[in-house]
>>> print(open('my_file30.csv').read())   # CSV, C-alpha atoms
chain,number,residue,atom,x,y,z
A,25,VAL,CA,-71.7,73.3,36.2
A,26,TYR,CA,-73.5,75.2,39.1
A,27,VAL,CA,-75.8,78.1,38.9
A,28,THR,CA,-77.6,80.2,41.5
A,29,LEU,CA,-80.7,82.4,40.9
A,30,ASN,CA,-81.9,85.2,43.0
A,31,GLY,CA,-85.6,86.2,43.0
A,32,TYR,CA,-85.7,88.7,45.9
A,33,ARG,CA,-86.9,91.5,43.6
A,34,SER,CA,-90.1,89.5,43.1
A,35,ASP,CA,-90.4,88.6,46.9
A,36,ASP,CA,-89.1,85.1,46.1
A,37,PHE,CA,-86.6,84.0,48.8
A,38,THR,CA,-86.5,80.4,47.7
A,39,PRO,CA,-82.9,79.1,47.6
A,40,HIS,CA,-82.4,78.5,43.9
A,41,VAL,CA,-79.2,76.4,43.6
A,42,TYR,CA,-78.9,74.1,40.6
A,43,VAL,CA,-76.3,71.7,39.2
A,44,SER,CA,-76.0,70.1,35.7
A,45,ASP,CA,-73.6,67.2,34.9
A,46,ASP,CA,-74.6,67.1,31.2
A,47,TYR,CA,-73.5,70.5,30.0
A,48,GLY,CA,-76.8,72.2,30.9
A,49,ILE,CA,-79.2,69.9,29.2
A,50,SER,CA,-80.8,69.0,32.5
A,51,TRP,CA,-80.7,70.6,35.9
A,52,LYS,CA,-81.1,69.3,39.5
A,53,ASN,CA,-82.1,71.5,42.4
A,54,ILE,CA,-79.6,71.2,45.3
A,55,GLY,CA,-80.8,74.1,47.3
A,56,SER,CA,-84.0,72.6,48.9
A,57,SER,CA,-82.3,71.9,52.3
A,58,LEU,CA,-81.0,75.5,52.6
A,59,PRO,CA,-83.0,78.0,54.7
A,60,MET,CA,-85.2,80.6,52.9
A,61,ALA,CA,-82.8,83.3,51.7
A,62,ALA,CA,-81.7,84.9,48.5
A,63,ILE,CA,-78.7,83.0,47.1
A,64,ASN,CA,-75.9,85.2,45.8
A,65,VAL,CA,-73.0,83.0,44.8
A,66,ILE,CA,-71.8,79.4,44.7
A,67,LYS,CA,-68.2,78.0,44.4
A,68,GLU,CA,-66.9,74.5,44.0
A,69,ASP,CA,-63.7,73.8,45.9
A,70,PRO,CA,-60.7,73.3,43.6
A,71,VAL,CA,-59.2,70.5,45.7
A,72,ASN,CA,-62.3,68.6,46.9
A,73,GLU,CA,-65.0,68.5,44.2
A,74,ASN,CA,-67.6,67.3,46.7
A,75,LEU,CA,-67.1,70.5,48.7
A,76,LEU,CA,-69.3,73.5,47.8
A,77,TYR,CA,-69.6,77.0,49.3
A,78,VAL,CA,-72.7,79.2,49.0
A,79,GLY,CA,-73.2,82.8,49.9
A,80,THR,CA,-76.7,84.0,50.8
A,81,ASP,CA,-78.3,87.1,52.2
A,82,ASN,CA,-78.2,85.5,55.6
A,83,GLY,CA,-74.7,84.2,55.8
A,84,ALA,CA,-72.7,81.3,54.2
A,85,TYR,CA,-73.2,77.6,53.9
A,86,THR,CA,-71.0,74.6,52.9
A,87,SER,CA,-71.8,71.2,51.6
A,88,PHE,CA,-69.5,68.2,51.8
A,89,ASP,CA,-71.6,66.0,49.5
A,90,LYS,CA,-72.1,68.1,46.3
A,91,GLY,CA,-75.2,69.9,47.7
A,92,ILE,CA,-77.2,67.0,49.1
A,93,SER,CA,-77.0,68.5,52.6
A,94,TRP,CA,-75.8,71.9,53.8
A,95,GLN,CA,-74.2,73.2,57.0
A,96,VAL,CA,-74.0,76.8,58.2
A,97,PHE,CA,-70.5,78.3,57.8
A,98,SER,CA,-70.5,80.7,60.7
A,99,GLU,CA,-67.5,80.5,63.0
A,100,ASN,CA,-67.0,84.2,64.0
A,101,LEU,CA,-68.9,85.2,60.8
A,102,PRO,CA,-71.8,87.6,61.6
A,103,ASN,CA,-75.2,87.0,60.0
A,104,VAL,CA,-74.6,89.2,57.0
A,105,ALA,CA,-75.2,89.0,53.3
A,106,VAL,CA,-72.4,87.2,51.5
A,107,HIS,CA,-72.1,88.5,47.9
A,108,ASP,CA,-68.9,86.9,46.6
A,109,LEU,CA,-66.6,84.0,47.4
A,110,VAL,CA,-63.0,83.7,46.3
A,111,ILE,CA,-60.7,80.7,47.0
A,112,GLN,CA,-57.0,81.4,47.3
A,113,PRO,CA,-55.6,78.0,46.3
A,114,THR,CA,-52.0,78.4,47.6
A,115,ALA,CA,-52.8,79.6,51.1
A,116,LYS,CA,-56.0,77.5,51.1
A,117,HIS,CA,-58.2,80.5,52.2
A,118,LEU,CA,-61.8,81.2,51.5
A,119,LEU,CA,-62.5,84.9,51.2
A,120,LEU,CA,-66.1,86.0,51.7
A,121,GLY,CA,-67.1,89.4,50.4
A,122,THR,CA,-69.9,90.6,52.7
A,123,HIS,CA,-72.3,93.5,52.5
A,124,GLY,CA,-71.4,96.2,55.0
A,125,ARG,CA,-69.0,94.0,57.0
A,126,SER,CA,-65.9,93.9,54.8
A,127,ILE,CA,-64.1,90.7,53.9
A,128,TYR,CA,-64.0,87.5,56.0
A,129,LYS,CA,-61.1,85.1,55.6
A,130,ALA,CA,-61.2,81.4,56.6
A,131,ASP,CA,-58.6,78.7,56.4
A,132,ILE,CA,-60.3,75.9,54.5
A,133,ALA,CA,-57.4,73.3,54.4
A,134,PRO,CA,-59.1,71.1,57.0
A,135,LEU,CA,-62.4,71.3,55.0
A,136,GLN,CA,-60.7,70.2,51.9
A,137,GLU,CA,-59.3,67.2,53.7
A,138,LEU,CA,-62.8,66.1,54.9
A,139,THR,CA,-63.7,62.9,53.0
A,140,SER,CA,-66.3,60.3,53.8
A,141,GLU,CA,-63.5,58.2,55.4
A,142,VAL,CA,-62.6,61.1,57.8
A,143,ALA,CA,-66.2,61.9,58.5
A,144,SER,CA,-66.9,58.2,59.5
A,145,LYS,CA,-64.3,58.4,62.3
A,146,SER,CA,-65.3,59.4,65.8
A,147,VAL,CA,-62.4,61.9,65.9
A,148,HIS,CA,-59.8,63.1,63.4
A,149,ILE,CA,-56.9,65.5,64.0
A,150,PHE,CA,-55.9,67.4,60.9
A,151,GLU,CA,-52.3,68.4,60.0
A,152,ILE,CA,-50.8,70.8,62.5
A,153,GLU,CA,-48.5,73.6,61.4
A,154,ASN,CA,-44.8,72.9,62.4
A,155,ILE,CA,-43.3,75.3,64.9
A,156,ARG,CA,-39.7,75.6,66.1
A,157,LYS,CA,-38.4,77.0,69.3
A,158,SER,CA,-37.0,80.5,69.0
A,159,ASN,CA,-35.0,82.6,71.5
A,160,ASN,CA,-37.1,85.5,70.5
A,161,TRP,CA,-40.3,84.1,72.1
A,162,GLY,CA,-41.6,86.4,74.8
A,163,SER,CA,-39.5,89.3,73.7
A,164,SER,CA,-40.2,92.3,71.5
A,165,TRP,CA,-37.9,94.2,69.1
A,166,SER,CA,-39.5,97.5,70.3
A,167,PRO,CA,-40.8,98.7,73.6
A,168,TRP,CA,-44.0,99.8,71.8
A,169,ARG,CA,-44.7,96.4,70.3
A,170,ALA,CA,-46.3,93.4,71.9
A,171,PRO,CA,-43.9,90.5,72.7
A,172,ASN,CA,-43.7,87.5,70.3
A,173,LEU,CA,-46.0,85.0,71.9
A,174,PRO,CA,-46.3,81.9,69.6
A,175,LYS,CA,-49.3,79.7,69.4
A,176,VAL,CA,-50.4,76.6,67.5
A,177,THR,CA,-53.9,76.0,66.2
A,178,ILE,CA,-55.0,72.4,66.5
A,179,PRO,CA,-57.9,71.6,64.0
A,180,PHE,CA,-60.0,68.5,64.6
A,181,TYR,CA,-63.2,66.9,63.6
A,182,LEU,CA,-65.8,65.0,65.8
A,183,ASN,CA,-68.8,63.1,64.6
A,184,THR,CA,-70.7,64.0,67.9
A,185,SER,CA,-70.6,66.9,70.4
A,186,LYS,CA,-68.7,66.0,73.6
A,187,LYS,CA,-66.1,67.0,76.1
A,188,VAL,CA,-62.6,66.2,74.9
A,189,THR,CA,-59.2,66.3,76.5
A,190,ILE,CA,-56.3,67.4,74.3
A,191,ALA,CA,-52.9,66.4,75.5
A,192,ILE,CA,-49.6,67.9,74.2
A,193,PHE,CA,-46.5,65.7,74.3
A,194,ASN,CA,-42.8,66.2,73.7
A,195,GLY,CA,-41.8,62.6,72.8
A,196,ASP,CA,-43.2,60.5,75.7
A,197,LEU,CA,-43.3,63.5,78.1
A,198,LYS,CA,-46.8,65.1,78.6
A,199,VAL,CA,-46.3,68.8,78.5
A,200,HIS,CA,-49.8,70.1,78.8
A,201,SER,CA,-53.4,69.1,78.7
A,202,MET,CA,-56.7,70.9,78.4
A,203,SER,CA,-60.4,69.9,78.3
A,204,ILE,CA,-63.0,71.7,76.1
A,205,ASP,CA,-66.6,71.2,75.1
A,206,ALA,CA,-66.3,70.5,71.4
A,207,ASP,CA,-69.1,70.6,68.8
A,208,LYS,CA,-70.0,68.0,66.2
A,209,GLY,CA,-68.1,68.9,63.1
A,210,PHE,CA,-65.0,71.0,62.8
A,211,ASN,CA,-63.3,72.5,65.9
A,212,GLU,CA,-60.1,74.3,66.7
A,213,VAL,CA,-58.2,74.7,69.9
A,214,VAL,CA,-55.3,77.2,70.3
A,215,TYR,CA,-52.3,76.0,72.3
A,216,ASP,CA,-50.2,78.9,73.7
A,217,VAL,CA,-46.8,77.4,73.5
>>> encode(input="my_file30.csv", output="C-alpha cells")
Amino acid sequence: VYVTLNGYRSDDFTPHVYVSDDYGISWKNIGSSLPMAAINVIKEDPVNENLLYVGTDNGAYTSFDKGISWQVFSENLPNVAVHDLVIQPTAKHLLLGTHGRSIYKADIAPLQELTSEVASKSVHIFEIENIRKSNNWGSSWSPWRAPNLPKVTIPFYLNTSKKVTIAIFNGDLKVHSMSIDADKGFNEVVYDV
C-alpha cells in the first residue's frame, strides 16, 4: 500500500511518500529523492508493479524501481500542480489532472514495458503501431478539412544521450533515414509516411 501526505498548510514541503508491504504495520519513506514539493497523489501501474507515478505541486514524476529513484515526467507537460492521476488500462493512457491547465494525456505502454532487462540495453525499440497503405492518404473528404496525412510514432529507449540514426526499411529496401539528438531514457520520433 502507498500513501502520500501533504503538509503545505504548515509550510512543510517535504515530499512525504510512503510504502508498506505488511498491511500498514511498518512504513518506508520512498520520497527522499524527490525535489521539495507538496505531494498530491501516487498511483501504482496496473501492468508493471515496479512503476509508480506521483503528482506534485511542481509537476509529475515516475519511478521504475518502486520508489528508490524518481525521474521527472515532463514531455510537453508544463510545470503545474498535478492533483490527480488516472490510468486507462485498455488504451494504456495516463491522465493527469492539473490545476489550471486542464488534463494531460500520455501513452504509457512503453513505460509499462520497461524492465531491468530493457534498461540494461544500450538501445531498445518498443512495439510500433501497424499501419496499412490507404488510397485516401493525402486527400480530404471535404474542402474545409485538412488532408489525411498519416504518421507513425517510433518509441525507443537509450541508456545514454547521443545522436542516433533511424532507418526505415520496406523489406531490404531502405526507404528513409533521419538523424536526431536523443536523450537518455524514453524518446519518440515521428515518421511522416
>>> closest_residue(input="my_file30.csv", among="A:Ile190, A:Asp196, A:Ile54, A:Phe210", to="A:Asp131", atoms="all atoms listed in the file")
A:Phe210
>>> atom_distance(input="my_file30.csv", atom1="atom CA of A:Ile178", atom2="atom CA of A:Glu151")
8.1 Å
>>> atom_distance(input="my_file30.csv", atom1="atom CA of A:Asn30", atom2="atom CA of A:Ala62")
5.5 Å
>>> residues_around(input="my_file30.csv", residues="A:Val147", least_positions_apart="6", cutoff="7 Å", atoms="all atoms listed in the file", output="list of chain:residue names")
A:Tyr181, A:Leu182, A:Asn183
>>> residues_around(input="my_file30.csv", residues="stretch 211-216 of chain A", least_positions_apart="2", cutoff="8 Å", atoms="only C-alpha atoms", output="ChimeraX atom specification")
/A:173-182,206-207,209
>>> closest_residue(input="my_file30.csv", among="A:Ile149, A:Val199, A:Leu120, A:Ala115", to="A:Phe97", atoms="only C-alpha atoms")
A:Leu120
>>> closest_residue(input="my_file30.csv", among="A:Thr80, A:Thr184, A:Asn154, A:Asn160", to="A:Asn172", atoms="all atoms listed in the file")
A:Asn160
>>> closest_residue(input="my_file30.csv", among="A:Asn74, A:Ser185, A:Thr86, A:Thr114", to="A:Thr139", atoms="all atoms listed in the file")
A:Asn74
>>> atom_distance(input="my_file30.csv", atom1="atom CA of A:Tyr128", atom2="atom CA of A:Pro113")
16.0 Å
>>> closest_residue(input="my_file30.csv", among="A:Pro70, A:Gly195, A:Pro171, A:Pro102", to="A:His117", atoms="all atoms listed in the file")
A:Pro70
>>> closest_residue(input="my_file30.csv", among="A:His148, A:Arg169, A:Lys52, A:Lys129", to="A:Val110", atoms="only C-alpha atoms")
A:Lys129
>>> residues_around(input="my_file30.csv", residues="A:Leu75", least_positions_apart="2", cutoff="8 Å", atoms="all atoms listed in the file", output="PyMOL selection string")
chain A and resi 68-69+72-73+77+86-90+135-136
